[in-house]
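K.L.:
Sharing a structure, written as structure tokens. Questions coming.
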Amino acid sequence: MGEMESRCAVVHYAEIGLKGRNRPFFERTLARNIVRRLDEVGIERVERLSGRMIVYAERPLDLMTWRGALGTVFGIAHFAPAFQVERDLEAVREVVLAHLPSDPVASFRIRASRDDKTFPLTSPQIERELGAAVQERTGWPVRLKGAELVIGVEVLRDRIVVSVGRYPGPGGLPVGVSGRVGLLLSGGIDSPVAGYLALKRGCRVIPIHFHSRPFGNWMGSEARAREIVRAMNAYGMEPYLYVVPIGRQQREITVRTPVAYRVILYRRLMVRVAERLTRREKGKALFTGESLGQVASQTLDSLAVIEQAVEMPVLRPLIGMDKKEIVDIAERIGTFALSQMEGDDCCQFLMPSRVVTHPRLERVLEAEESTDMDRLVEEALAQATRVEVGP
Ligand code: ATP
Ligand code: MG
């Protein structure tokens, strides 16, 4: 399509799971998310058709801008920049021919659909006419299934919209259709990926970061978490995070409990505080970046003891993933490099040399009694602040 700019784009969404009354809600949410994502360039309106939408920008946008924006909006199956034409087949033919790729393609097809059935030609007739014109010009073969190039023709009441080519969206469900969740966001590689997967399934994600203030390089830790949240805003993450200093509480745990149980106790402190903050925001579950067996605190026994501390479901979308699979996603979504920023991990800080891999709940409960865990939770909560990061 060369360097051509276009005012509109046709967006297709996956229809799976779209039953009855959920459908308008799904579509409204998707339309709102698209508008929000393209806010900087300005969206004039979104026209909802069946199974697809047409997005009209305030000014022409280049392909990179369309791809950069629509490629990150969950719920989009695929999309294509498009051109508006009057309702005249001759005019449509001209636009199609003018926007064909300069390099030959292995096969192509025209896919016409009529939102307005008063148009004198049927969809198959439009497809045949335009297909013949493209073939005459290029000699490219037509292939109805699996064509390399798809040319879309949307017949509307007052215009025709022509798209050339098709680009993959990120799939998933529009952020917001599945409700709210809290994300335990460290500065590591894993938890941003867990947040990405929560967003992908339509959750609104509220990031919660714990650091070791007043000890260690907590400023680096907070800055790193902020940058990660900022980067993930493109995928629909909220533009703020909760920051909770737990250095003093960690120190108390260190002084008063068996060394091997520290990490488990830090984690139980974190999930409790996170549950309270999430509930405040009407969230219904916690997400973490834990993966089975990755480290000592991620055995089945440890995971069970951690989630025993809270009532909310603790969801772990990375549970069955290898490190390499997680790293691949982190690189693709741009958080991997940010996770390398300097800053202490509040759990490495005061990290014991010995970590229990099969914690026993009775011992955990005993240790919590000797530290007055309830008070530690309240103290940490009282220090929690909401930090805006902006887009
Ligand atoms: P990550 O890469 O996400 O830090 P990890 O492999 O380093 O994960 P752990 O350090 O055991 O694993 O942390 C397990 C999970 O606990 C993290 O994925 C995250 O969800 C949560 N968590 C750990 N530290 C923090 C923190 N400082 N703030 C918020 N959540 C945390
Ligand atoms: Mg970590």
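Within each chain, counting starts at residue 1; across the structure tokens, chains are named A, B, ... in the order shown, with ligands numbered 1 upward in that order.
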For ligand 2, return the neighbouring residues as a ChimeraX atom specification (distance at most 12 Å; only C-alpha atoms and all ligand atoms).

P.N.:
/A:184-192,209-211,221,225,263,267,288-291,294-295,297-298,339-340,343-349,351

K.L.:
Hey, could you make a per-residue contact list for range 147-240 of chain A against range 73-85 of chain A with 9 Å as the cut-off, showing the nearest pair of atoms and its distance in Å to one decimal, counting only C-alpha atoms, sorted by chain and number, as CSV?

P.N.:
```
residue,atom,partner,partner_atom,distance
A:Gly152,CA,A:Ala82,CA,8.6
A:Arg159,CA,A:Val85,CA,5.8
A:Ile160,CA,A:Val85,CA,5.1
A:Val161,CA,A:Gln84,CA,4.6
A:Val162,CA,A:Phe83,CA,5.2
A:Ser163,CA,A:Ala82,CA,4.1
A:Val164,CA,A:Ala80,CA,6.7
A:Gly165,CA,A:Ala80,CA,6.1
A:Arg166,CA,A:Ala80,CA,4.8
A:Tyr167,CA,A:Phe79,CA,5.3
A:Pro168,CA,A:His78,CA,4.3
A:Gly169,CA,A:His78,CA,4.6
A:Pro170,CA,A:Phe74,CA,5.6
A:Gly171,CA,A:Ala77,CA,4.9
A:Gly172,CA,A:Gly75,CA,4.8
A:Leu173,CA,A:Gly75,CA,4.1
A:Pro174,CA,A:Gly75,CA,4.6
A:Val175,CA,A:Phe74,CA,6.5
A:Leu199,CA,A:Phe74,CA,7.6
A:Lys200,CA,A:Phe74,CA,5.8
A:Arg201,CA,A:Phe74,CA,8.1
A:Gly202,CA,A:Phe74,CA,7.5
A:Ala234,CA,A:Val73,CA,7.8
A:Tyr235,CA,A:Val73,CA,6.0
A:Gly236,CA,A:Val73,CA,7.3
```

K.L.:
Quick one: everything within 10 Å of Ala112 in chain A, counting only C-alpha atoms, minus sequence neighbours fewer than 3 positions away in the same chain. Send it as a PDB file with N, CA and C atoms, in the first residue's frame.

P.N.:
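Saved result, selection_10.pdb, follows:
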```
ATOM      1  N   ARG A 109      -7.891 -12.045  -2.778  1.00  0.00           N
ATOM      2  CA  ARG A 109      -9.335 -12.162  -2.924  1.00  0.00           C
ATOM      3  C   ARG A 109      -9.994 -10.844  -2.528  1.00  0.00           C
ATOM      4  N   ASP A 115     -23.548  -3.714   4.309  1.00  0.00           N
ATOM      5  CA  ASP A 115     -24.286  -3.364   5.524  1.00  0.00           C
ATOM      6  C   ASP A 115     -25.623  -2.766   5.087  1.00  0.00           C
ATOM      7  N   THR A 122     -25.056  -7.451  -5.563  1.00  0.00           N
ATOM      8  CA  THR A 122     -24.885  -8.321  -4.393  1.00  0.00           C
ATOM      9  C   THR A 122     -23.388  -8.414  -4.077  1.00  0.00           C
ATOM     10  N   SER A 123     -23.073  -8.954  -2.907  1.00  0.00           N
ATOM     11  CA  SER A 123     -21.664  -9.083  -2.530  1.00  0.00           C
ATOM     12  C   SER A 123     -20.874  -9.941  -3.527  1.00  0.00           C
ATOM     13  N   PRO A 124     -21.395 -11.125  -3.922  1.00  0.00           N
ATOM     14  CA  PRO A 124     -20.641 -11.926  -4.901  1.00  0.00           C
ATOM     15  C   PRO A 124     -20.426 -11.184  -6.219  1.00  0.00           C
ATOM     16  N   GLN A 125     -21.423 -10.382  -6.607  1.00  0.00           N
ATOM     17  CA  GLN A 125     -21.241  -9.624  -7.854  1.00  0.00           C
ATOM     18  C   GLN A 125     -20.129  -8.590  -7.718  1.00  0.00           C
ATOM     19  N   ILE A 126     -20.105  -7.912  -6.591  1.00  0.00           N
ATOM     20  CA  ILE A 126     -19.046  -6.917  -6.345  1.00  0.00           C
ATOM     21  C   ILE A 126     -17.692  -7.620  -6.362  1.00  0.00           C
ATOM     22  N   GLU A 127     -17.621  -8.771  -5.706  1.00  0.00           N
ATOM     23  CA  GLU A 127     -16.353  -9.500  -5.618  1.00  0.00           C
ATOM     24  C   GLU A 127     -15.868  -9.921  -7.008  1.00  0.00           C
ATOM     25  N   ARG A 128     -16.800 -10.406  -7.816  1.00  0.00           N
ATOM     26  CA  ARG A 128     -16.411 -10.853  -9.170  1.00  0.00           C
ATOM     27  C   ARG A 128     -15.921  -9.681 -10.015  1.00  0.00           C
ATOM     28  N   LEU A 130     -14.717  -6.697  -9.131  1.00  0.00           N
ATOM     29  CA  LEU A 130     -13.454  -6.104  -8.693  1.00  0.00           C
ATOM     30  C   LEU A 130     -12.310  -7.106  -8.845  1.00  0.00           C
ATOM     31  N   ILE A 151      -8.654  -7.873  -0.004  1.00  0.00           N
ATOM     32  CA  ILE A 151      -9.164  -6.525  -0.256  1.00  0.00           C
ATOM     33  C   ILE A 151     -10.612  -6.493   0.217  1.00  0.00           C
ATOM     34  N   GLY A 152     -10.892  -5.634   1.179  1.00  0.00           N
ATOM     35  CA  GLY A 152     -12.228  -5.597   1.780  1.00  0.00           C
ATOM     36  C   GLY A 152     -13.060  -4.460   1.198  1.00  0.00           C
ATOM     37  N   VAL A 153     -14.323  -4.739   0.965  1.00  0.00           N
ATOM     38  CA  VAL A 153     -15.238  -3.704   0.457  1.00  0.00           C
ATOM     39  C   VAL A 153     -16.472  -3.708   1.362  1.00  0.00           C
ATOM     40  N   GLU A 154     -16.667  -2.624   2.089  1.00  0.00           N
ATOM     41  CA  GLU A 154     -17.810  -2.520   3.003  1.00  0.00           C
ATOM     42  C   GLU A 154     -18.793  -1.524   2.406  1.00  0.00           C
ATOM     43  N   VAL A 155     -19.966  -2.018   2.040  1.00  0.00           N
ATOM     44  CA  VAL A 155     -20.966  -1.123   1.458  1.00  0.00           C
ATOM     45  C   VAL A 155     -21.840  -0.567   2.584  1.00  0.00           C
ATOM     46  N   VAL A 161     -16.404   1.646   1.957  1.00  0.00           N
ATOM     47  CA  VAL A 161     -15.087   1.700   2.583  1.00  0.00           C
ATOM     48  C   VAL A 161     -14.258   0.541   2.034  1.00  0.00           C
ATOM     49  N   VAL A 162     -13.100   0.878   1.515  1.00  0.00           N
ATOM     50  CA  VAL A 162     -12.238  -0.115   0.859  1.00  0.00           C
ATOM     51  C   VAL A 162     -10.957  -0.298   1.675  1.00  0.00           C
TER      52      VAL A 162
END
```

K.L.:
Output as a list in words all residues of range 21-69 of chain A that backbone DSSP marks as strand (DSSP E).

P.N.:
Ile43, Glu44, Arg45, Val46, Glu47, Arg48, Leu49, Arg52, Met53, Ile54, Val55, Tyr56, Ala57, Glu58, Arg59, Pro60 and Leu61 of chain A

K.L.:
Given the selection you just returned, output its residues as a file containing C-alpha atoms, formatted as a PDB file, in the first residue's frame.

P.N.:
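Saved result, out30.pdb, follows:
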```pdb
ATOM      1  CA  ILE A  43     -10.776   9.744  16.665  1.00  0.00           C
ATOM      2  CA  GLU A  44     -13.814  11.324  15.111  1.00  0.00           C
ATOM      3  CA  ARG A  45     -16.142   8.370  15.567  1.00  0.00           C
ATOM      4  CA  VAL A  46     -16.470   4.627  15.564  1.00  0.00           C
ATOM      5  CA  GLU A  47     -19.169   3.064  13.427  1.00  0.00           C
ATOM      6  CA  ARG A  48     -20.353  -0.309  14.710  1.00  0.00           C
ATOM      7  CA  LEU A  49     -21.403  -2.832  12.075  1.00  0.00           C
ATOM      8  CA  ARG A  52     -16.684  -5.311  12.686  1.00  0.00           C
ATOM      9  CA  MET A  53     -16.301  -1.571  13.187  1.00  0.00           C
ATOM     10  CA  ILE A  54     -15.005   1.310  11.186  1.00  0.00           C
ATOM     11  CA  VAL A  55     -12.818   3.806  12.988  1.00  0.00           C
ATOM     12  CA  TYR A  56     -12.606   7.340  11.580  1.00  0.00           C
ATOM     13  CA  ALA A  57      -9.604   9.446  12.591  1.00  0.00           C
ATOM     14  CA  GLU A  58      -9.575  13.235  12.654  1.00  0.00           C
ATOM     15  CA  ARG A  59      -6.741  13.266  10.167  1.00  0.00           C
ATOM     16  CA  PRO A  60      -5.041  10.785   7.842  1.00  0.00           C
ATOM     17  CA  LEU A  61      -2.697   8.382   9.624  1.00  0.00           C
TER      18      LEU A  61
END
```

K.L.:
Using only C-alpha atoms, determine which residues lie at most 8 Å from Ala147 in chain A, disregarding the query and same-chain residues fewer than 2 positions distant; provide the list as a PyMOL selection string.

P.N.:
chain A and resi 106-109+142-145+149-150

K.L.:
For the residues in the current selection, export N, CA and C atoms as a PDB file, in the first residue's frame.

P.N.:
```pdb
ATOM      1  N   ALA A 106       1.142 -13.796  -3.981  1.00  0.00           N
ATOM      2  CA  ALA A 106       0.918 -15.160  -4.462  1.00  0.00           C
ATOM      3  C   ALA A 106      -0.550 -15.372  -4.830  1.00  0.00           C
ATOM      4  N   SER A 107      -1.454 -14.694  -4.111  1.00  0.00           N
ATOM      5  CA  SER A 107      -2.875 -14.840  -4.400  1.00  0.00           C
ATOM      6  C   SER A 107      -3.620 -13.704  -3.708  1.00  0.00           C
ATOM      7  N   PHE A 108      -4.840 -13.454  -4.173  1.00  0.00           N
ATOM      8  CA  PHE A 108      -5.628 -12.400  -3.522  1.00  0.00           C
ATOM      9  C   PHE A 108      -7.099 -12.771  -3.567  1.00  0.00           C
ATOM     10  N   ARG A 109      -7.891 -12.045  -2.778  1.00  0.00           N
ATOM     11  CA  ARG A 109      -9.335 -12.162  -2.924  1.00  0.00           C
ATOM     12  C   ARG A 109      -9.994 -10.844  -2.528  1.00  0.00           C
ATOM     13  N   VAL A 142      -6.597 -15.623  -8.027  1.00  0.00           N
ATOM     14  CA  VAL A 142      -7.582 -15.472  -6.948  1.00  0.00           C
ATOM     15  C   VAL A 142      -7.560 -16.735  -6.099  1.00  0.00           C
ATOM     16  N   ARG A 143      -7.630 -16.568  -4.792  1.00  0.00           N
ATOM     17  CA  ARG A 143      -7.745 -17.730  -3.914  1.00  0.00           C
ATOM     18  C   ARG A 143      -8.705 -17.362  -2.804  1.00  0.00           C
ATOM     19  N   LEU A 144      -9.789 -18.093  -2.703  1.00  0.00           N
ATOM     20  CA  LEU A 144     -10.816 -17.688  -1.743  1.00  0.00           C
ATOM     21  C   LEU A 144     -10.397 -18.004  -0.309  1.00  0.00           C
ATOM     22  N   LYS A 145      -9.699 -19.122  -0.123  1.00  0.00           N
ATOM     23  CA  LYS A 145      -9.263 -19.476   1.233  1.00  0.00           C
ATOM     24  C   LYS A 145      -7.763 -19.270   1.341  1.00  0.00           C
ATOM     25  N   LEU A 149      -3.351 -11.650  -0.022  1.00  0.00           N
ATOM     26  CA  LEU A 149      -3.842 -10.271   0.060  1.00  0.00           C
ATOM     27  C   LEU A 149      -5.368 -10.280   0.082  1.00  0.00           C
ATOM     28  N   VAL A 150      -5.944  -9.653   1.112  1.00  0.00           N
ATOM     29  CA  VAL A 150      -7.399  -9.548   1.173  1.00  0.00           C
ATOM     30  C   VAL A 150      -7.783  -8.090   0.956  1.00  0.00           C
TER      31      VAL A 150
END
```
